[in-house]
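Undergrad: So that we are looking at the same thing, I have put the structure below in structure tokens.
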Number of protein chains: 2
Amino acid sequence: MRETSRSQESGPAVMPAGAPAAEDVPGTTEDVPGTAGEVRWLTAEQQASWRAYLLGVARLTEALSRELDDDAGLSLSEYEILVRLSEAPERTARMSELAHSLVHSRSRLTHTVSRLEKRGLVERRSCAADGRGVNAAMTDEGYALLVAAAPGHVRAVREHLVDVLTPEQLAALGEAMALVAPDVTG
Amino acid sequence: MRETSRSQESGPAVMPAGAPAAEDVPGTTEDVPGTAGEVRWLTAEQQASWRAYLLGVARLTEALSRELDDDAGLSLSEYEILVRLSEAPERTARMSELAHSLVHSRSRLTHTVSRLEKRGLVERRSCAADGRGVNAAMTDEGYALLVAAAPGHVRAVREHLVDVLTPEQLAALGEAMALVAPDVTG
DNA sequence: CCCATATAGTTGAATCGTCAACACTTGCTA
DNA sequence: TAGCAAGTGTTGACGATTCAACTATATGGG
């Protein structure tokens, strides 16, 4: 499966082959932030980490969504919406709050909630406090489905991520990801 | 960080509210691997890491795909395909090889490559060695577009990930992700 | 050689997500 | 209090992905 030529397990790359490999000394080609200077390509180490990230995310997502769909007929985003609602007071939350916290577009959330509503897992209610707002409320059926789906999902998260890392590695992963892309929509 | 109201910045959760919070001592509820025993919920720390991961991935993906689309009219997957081809001998690779290394379904790859082909960025060629196979080959136009797109993309990867982490954090992230979901399709 | 099975790739329908346009409410300010 | 920008949410069209067939070639065993 793997010949002398190319590595088979590397994830997607960042730059085209032929780009000058970056020096390990940062800032040698571009020193003035905000200026359209030379490109600071990734070093070999950085690129290796980045590819591992991309490959890992793809595989993990693949594994988790397959499990969830097979096991409960839910997509990852539907599951996440249900979890958020299960935690909210009255199991109810504003559409915009859901959209923001899940990093979904408002449109996407509208469509997904519509599908969930059609399945009887969620209800829409008008928002007393704000005439523009709409509340999504989880039904008992929705909660029951979430309760049924959760064990398998948690098992999968453990199997593919939590239990394959040391506690230190998992904590480091969380800390690193917490520094990432701090709110794009701001 | 978790008050009566609700934290606004936490990512999607794993389990429904109301699930018994896991002890910090693992294995107390389920000791026999392979047995369908009690659910081992995530501890508070594990859940925090997991949520940070989900939120970070969502935001990073959002930022990178917006940049790439605005800047070059490419999706993340299209970009990744082009990078793979740019690295391959003769800028040519088997469809199945691409699909596997990018963790895409064969069907998805077929559709995406068809779109790229329609735009003149990629060509299909029959595979001499294997009558079933199809090679995807990058055109000069495809390479030119990749070269044009790469600087902005690399800048975004740096801005949102590489440059916000210490080298140690980035390396740790890569090492952790490399342990994840080792090939689902196997 | 022939059949069975596995691998490679495509197709079309259904589902899901994005994008731009729209309608409505709120809140500011003049 | 009229007017207008910003915030909320929906809609429909279009694009992208998934899923279940389906074709065709390769491989291995009688």
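Labels used: A, B, ... for chains in the order of the structure tokens, numbers from 1 for residues in each chain, and numbers from 1 for ligands as shown.
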Got a sec to pull out which chain D residues are within 9 Å of chain A, counting only C-alpha atoms (C1' of nucleotides), and send them as a list of chain:residue names?
TA: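 Here they are: D:DG7, D:DT8, D:DG9, D:DT10.
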Undergrad: Can you check which residues of chain C have any atom within 9 Å of chain A? Use only C-alpha atoms (C1' of nucleotides) and format it as a list in words.
TA: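 Interface list for chain C against chain A: DC16, DG17, DT18, DC24, DT25 and DT26 of chain C.
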Undergrad: Take the selection from the previous step and output its residues with C-alpha atoms (C1' of nucleotides), as a CSV table (one decimal), in the first residue's frame.
TA:
```
chain,number,residue,atom,x,y,z
C,16,DC,C1',-27.8,19.6,3.9
C,17,DG,C1',-25.4,24.2,3.8
C,18,DT,C1',-24.6,28.9,1.7
C,24,DC,C1',-40.1,42.6,10.9
C,25,DT,C1',-38.7,44.5,15.5
C,26,DT,C1',-35.8,47.3,18.3
```
Undergrad: Using only C-alpha atoms, find each residue of chain B with at least one atom at most 6 Å away from an atom of chain A; report its shortest atom-to-atom pair and that distance in Å (one decimal), sort the rows by chain and rising residue number, and return the result as a Markdown table.
TA:
```
| residue | atom | partner | partner_atom | distance |
| --- | --- | --- | --- | --- |
| B:Pro12 | CA | A:Glu80 | CA | 5.6 |
| B:Met15 | CA | A:Ala150 | CA | 5.4 |
| B:Pro16 | CA | A:Val83 | CA | 5.2 |
| B:Ala17 | CA | A:Glu87 | CA | 4.9 |
| B:Val39 | CA | A:Pro151 | CA | 5.9 |
| B:Ser49 | CA | A:Gly174 | CA | 4.0 |
| B:Ala52 | CA | A:Ala178 | CA | 5.3 |
| B:Tyr53 | CA | A:Met177 | CA | 5.4 |
| B:Gly56 | CA | A:Met177 | CA | 5.0 |
| B:Arg59 | CA | A:Ala181 | CA | 5.8 |
| B:Leu60 | CA | A:Ala181 | CA | 5.5 |
| B:Glu80 | CA | A:Pro12 | CA | 5.5 |
| B:Val83 | CA | A:Pro16 | CA | 5.2 |
| B:Ser86 | CA | A:Ala17 | CA | 5.4 |
| B:Glu87 | CA | A:Ala17 | CA | 4.9 |
| B:Ala150 | CA | A:Met15 | CA | 5.4 |
| B:Pro151 | CA | A:Val39 | CA | 5.9 |
| B:His160 | CA | A:Ala181 | CA | 4.8 |
| B:Leu161 | CA | A:Val180 | CA | 5.6 |
| B:Ala171 | CA | A:Ser49 | CA | 6.0 |
| B:Leu173 | CA | A:Leu173 | CA | 5.4 |
| B:Gly174 | CA | A:Ser49 | CA | 4.0 |
| B:Met177 | CA | A:Gly56 | CA | 5.1 |
| B:Ala178 | CA | A:Ala52 | CA | 5.3 |
| B:Val180 | CA | A:Gly56 | CA | 5.5 |
| B:Ala181 | CA | A:His160 | CA | 4.9 |
```
Undergrad: Generate a file of the selected residues that holds C-alpha atoms, formatted as a PDB file, in the first residue's frame.
TA:
```pdb
ATOM      1  CA  PRO B  12     -20.972  22.182  21.948  1.00  0.00           C
ATOM      2  CA  MET B  15     -23.880  14.672  26.800  1.00  0.00           C
ATOM      3  CA  PRO B  16     -27.312  15.843  27.815  1.00  0.00           C
ATOM      4  CA  ALA B  17     -27.666  17.988  30.880  1.00  0.00           C
ATOM      5  CA  VAL B  39     -21.705   4.800  30.510  1.00  0.00           C
ATOM      6  CA  SER B  49     -11.236  20.147  26.480  1.00  0.00           C
ATOM      7  CA  ALA B  52     -12.783  23.810  23.308  1.00  0.00           C
ATOM      8  CA  TYR B  53     -11.867  21.468  20.512  1.00  0.00           C
ATOM      9  CA  GLY B  56     -11.983  25.931  17.923  1.00  0.00           C
ATOM     10  CA  ARG B  59     -14.207  28.804  14.167  1.00  0.00           C
ATOM     11  CA  LEU B  60     -10.981  27.933  12.462  1.00  0.00           C
ATOM     12  CA  GLU B  80      -6.606  20.502  -0.537  1.00  0.00           C
ATOM     13  CA  VAL B  83      -2.237  20.866  -3.054  1.00  0.00           C
ATOM     14  CA  SER B  86       0.812  19.810  -6.867  1.00  0.00           C
ATOM     15  CA  GLU B  87       2.923  17.470  -4.758  1.00  0.00           C
ATOM     16  CA  ALA B 150      -1.555  29.863  -1.224  1.00  0.00           C
ATOM     17  CA  PRO B 151      -0.119  33.037   0.320  1.00  0.00           C
ATOM     18  CA  HIS B 160      -5.675  31.934  13.354  1.00  0.00           C
ATOM     19  CA  LEU B 161      -3.598  28.991  14.488  1.00  0.00           C
ATOM     20  CA  ALA B 171       3.668  20.544  18.309  1.00  0.00           C
ATOM     21  CA  LEU B 173      -1.595  19.788  19.061  1.00  0.00           C
ATOM     22  CA  GLY B 174      -0.098  17.924  16.137  1.00  0.00           C
ATOM     23  CA  MET B 177      -4.238  14.822  16.605  1.00  0.00           C
ATOM     24  CA  ALA B 178      -1.902  12.268  15.105  1.00  0.00           C
ATOM     25  CA  VAL B 180      -6.790  10.332  16.718  1.00  0.00           C
ATOM     26  CA  ALA B 181      -9.062   7.971  14.855  1.00  0.00           C
TER      27      ALA B 181
END
```
Undergrad: What's the 12 Å shell around DA20 in chain D, counting only C-alpha atoms (C1' of nucleotides), without same-chain residues fewer than 4 positions away, as a PyMOL selection string?
TA: (chain B and resi 107) or (chain C and resi 11-14)
Undergrad: Can you pull out the residues contacting range 24-30 of chain D? Cut-off 12 Å, using only C-alpha atoms (C1' of nucleotides), and skip same-chain residues under 4 positions away; I want them as a PyMOL selection string.
TA: (chain B and resi 127+129-134) or (chain C and resi 1-10)
Undergrad: Using only N, CA and C atoms (P, O5', C5', C4', C3', O3' and C1' of nucleotides), please write the residues we just selected to a file, as an mmCIF file, in the first residue's frame.
TA:
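New file selection_20.cif:
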```cif
data_model
loop_
_atom_site.group_PDB
_atom_site.id
_atom_site.type_symbol
_atom_site.label_atom_id
_atom_site.label_comp_id
_atom_site.auth_asym_id
_atom_site.auth_seq_id
_atom_site.Cartn_x
_atom_site.Cartn_y
_atom_site.Cartn_z
ATOM 1 N N CYS B 127 -6.117 5.490 -16.532
ATOM 2 C CA CYS B 127 -4.926 4.980 -15.872
ATOM 3 C C CYS B 127 -4.384 3.777 -16.646
ATOM 4 N N ALA B 129 -2.008 1.608 -15.897
ATOM 5 C CA ALA B 129 -1.696 0.418 -15.113
ATOM 6 C C ALA B 129 -2.946 -0.371 -14.708
ATOM 7 N N ASP B 130 -4.023 0.341 -14.476
ATOM 8 C CA ASP B 130 -5.221 -0.310 -13.960
ATOM 9 C C ASP B 130 -6.441 0.200 -14.727
ATOM 10 N N GLY B 131 -7.057 -0.691 -15.454
ATOM 11 C CA GLY B 131 -8.171 -0.319 -16.308
ATOM 12 C C GLY B 131 -9.349 0.290 -15.574
ATOM 13 N N ARG B 132 -9.434 0.013 -14.276
ATOM 14 C CA ARG B 132 -10.534 0.587 -13.506
ATOM 15 C C ARG B 132 -10.235 2.007 -13.081
ATOM 16 N N GLY B 133 -8.963 2.296 -13.004
ATOM 17 C CA GLY B 133 -8.529 3.550 -12.383
ATOM 18 C C GLY B 133 -8.691 4.770 -13.245
ATOM 19 N N VAL B 134 -8.733 5.919 -12.594
ATOM 20 C CA VAL B 134 -8.747 7.211 -13.276
ATOM 21 C C VAL B 134 -7.722 8.104 -12.590
ATOM 22 P P DC C 1 -8.577 -19.425 -21.484
ATOM 23 O "O5'" DC C 1 -10.053 -19.589 -21.001
ATOM 24 C "C5'" DC C 1 -10.784 -20.569 -21.734
ATOM 25 C "C4'" DC C 1 -11.846 -21.072 -20.814
ATOM 26 C "C3'" DC C 1 -12.870 -20.007 -20.429
ATOM 27 O "O3'" DC C 1 -14.133 -20.657 -20.384
ATOM 28 C "C1'" DC C 1 -11.849 -20.838 -18.470
ATOM 29 P P DC C 2 -15.420 -19.664 -20.464
ATOM 30 O "O5'" DC C 2 -15.951 -19.761 -18.966
ATOM 31 C "C5'" DC C 2 -16.044 -21.034 -18.336
ATOM 32 C "C4'" DC C 2 -16.599 -20.863 -16.940
ATOM 33 C "C3'" DC C 2 -17.499 -19.645 -16.770
ATOM 34 O "O3'" DC C 2 -18.565 -19.987 -15.911
ATOM 35 C "C1'" DC C 2 -15.630 -19.453 -15.331
ATOM 36 P P DC C 3 -19.888 -19.091 -15.907
ATOM 37 O "O5'" DC C 3 -20.041 -18.747 -14.359
ATOM 38 C "C5'" DC C 3 -19.955 -19.800 -13.401
ATOM 39 C "C4'" DC C 3 -19.308 -19.267 -12.130
ATOM 40 C "C3'" DC C 3 -20.004 -18.048 -11.517
ATOM 41 O "O3'" DC C 3 -20.566 -18.425 -10.269
ATOM 42 C "C1'" DC C 3 -17.624 -17.808 -11.523
ATOM 43 P P DA C 4 -21.456 -17.390 -9.458
ATOM 44 O "O5'" DA C 4 -20.461 -16.866 -8.334
ATOM 45 C "C5'" DA C 4 -19.698 -17.819 -7.580
ATOM 46 C "C4'" DA C 4 -18.747 -17.066 -6.659
ATOM 47 C "C3'" DA C 4 -19.388 -15.833 -6.000
ATOM 48 O "O3'" DA C 4 -19.071 -15.832 -4.612
ATOM 49 C "C1'" DA C 4 -17.458 -15.190 -7.217
ATOM 50 P P DT C 5 -19.745 -14.724 -3.661
ATOM 51 O "O5'" DT C 5 -18.561 -13.682 -3.413
ATOM 52 C "C5'" DT C 5 -17.231 -14.175 -3.173
ATOM 53 C "C4'" DT C 5 -16.231 -13.068 -3.362
ATOM 54 C "C3'" DT C 5 -16.665 -11.721 -2.758
ATOM 55 O "O3'" DT C 5 -15.621 -11.254 -1.924
ATOM 56 C "C1'" DT C 5 -15.892 -11.431 -4.958
ATOM 57 P P DA C 6 -15.897 -10.017 -0.872
ATOM 58 O "O5'" DA C 6 -14.734 -9.002 -1.245
ATOM 59 C "C5'" DA C 6 -13.429 -9.499 -1.566
ATOM 60 C "C4'" DA C 6 -12.694 -8.483 -2.404
ATOM 61 C "C3'" DA C 6 -12.898 -7.040 -1.932
ATOM 62 O "O3'" DA C 6 -11.617 -6.410 -1.870
ATOM 63 C "C1'" DA C 6 -13.405 -7.213 -4.230
ATOM 64 P P DT C 7 -11.489 -4.932 -1.256
ATOM 65 O "O5'" DT C 7 -11.184 -4.059 -2.560
ATOM 66 C "C5'" DT C 7 -10.155 -4.473 -3.434
ATOM 67 C "C4'" DT C 7 -10.166 -3.602 -4.669
ATOM 68 C "C3'" DT C 7 -10.291 -2.093 -4.378
ATOM 69 O "O3'" DT C 7 -9.286 -1.426 -5.121
ATOM 70 C "C1'" DT C 7 -11.876 -2.763 -5.985
ATOM 71 P P DA C 8 -9.156 0.183 -5.033
ATOM 72 O "O5'" DA C 8 -9.971 0.713 -6.293
ATOM 73 C "C5'" DA C 8 -9.497 0.427 -7.590
ATOM 74 C "C4'" DA C 8 -10.172 1.315 -8.622
ATOM 75 C "C3'" DA C 8 -10.416 2.758 -8.189
ATOM 76 O "O3'" DA C 8 -10.026 3.633 -9.240
ATOM 77 C "C1'" DA C 8 -12.470 1.745 -8.822
ATOM 78 P P DG C 9 -10.006 5.228 -8.935
ATOM 79 O "O5'" DG C 9 -11.427 5.658 -9.507
ATOM 80 C "C5'" DG C 9 -11.734 5.361 -10.863
ATOM 81 C "C4'" DG C 9 -13.208 5.547 -11.124
ATOM 82 C "C3'" DG C 9 -13.786 6.899 -10.717
ATOM 83 O "O3'" DG C 9 -13.949 7.675 -11.894
ATOM 84 C "C1'" DG C 9 -15.284 5.060 -10.298
ATOM 85 P P DT C 10 -14.697 9.070 -11.839
ATOM 86 O "O5'" DT C 10 -16.215 8.634 -12.091
ATOM 87 C "C5'" DT C 10 -16.504 7.828 -13.223
ATOM 88 C "C4'" DT C 10 -17.998 7.577 -13.323
ATOM 89 C "C3'" DT C 10 -18.865 8.846 -13.292
ATOM 90 O "O3'" DT C 10 -19.719 8.789 -14.431
ATOM 91 C "C1'" DT C 10 -19.667 7.232 -11.734
#
```
Undergrad: So how many Å separate CA of Ser65 in chain A and CA of Ala44 in chain B, to one decimal?
TA: 23.0 Å
Undergrad: Using backbone DSSP assignments, extract all helix (DSSP H, G or I) residues from range 35-139 of chain A; output them as a PyMOL selection string.
TA: chain A and resi 44-72+76-87+89-91+95-102+106-118
Undergrad: Would you give me, as a list in words, the residues in range 19-175 of chain A that DSSP reads as strand (DSSP E or B)?
TA: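 The residues of range 19-175 of chain A classed as strand (DSSP E or B) are Thr92, Ala93, Arg94, Val122, Glu123, Arg124, Arg125, Ser126, Val134, Asn135, Ala136, Ala137 and Met138 of chain A.
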Undergrad: At what distance in Å, to one decimal, does CA of Val122 in chain A lie from C1' of DA6 in chain D?
TA: 28.8 Å
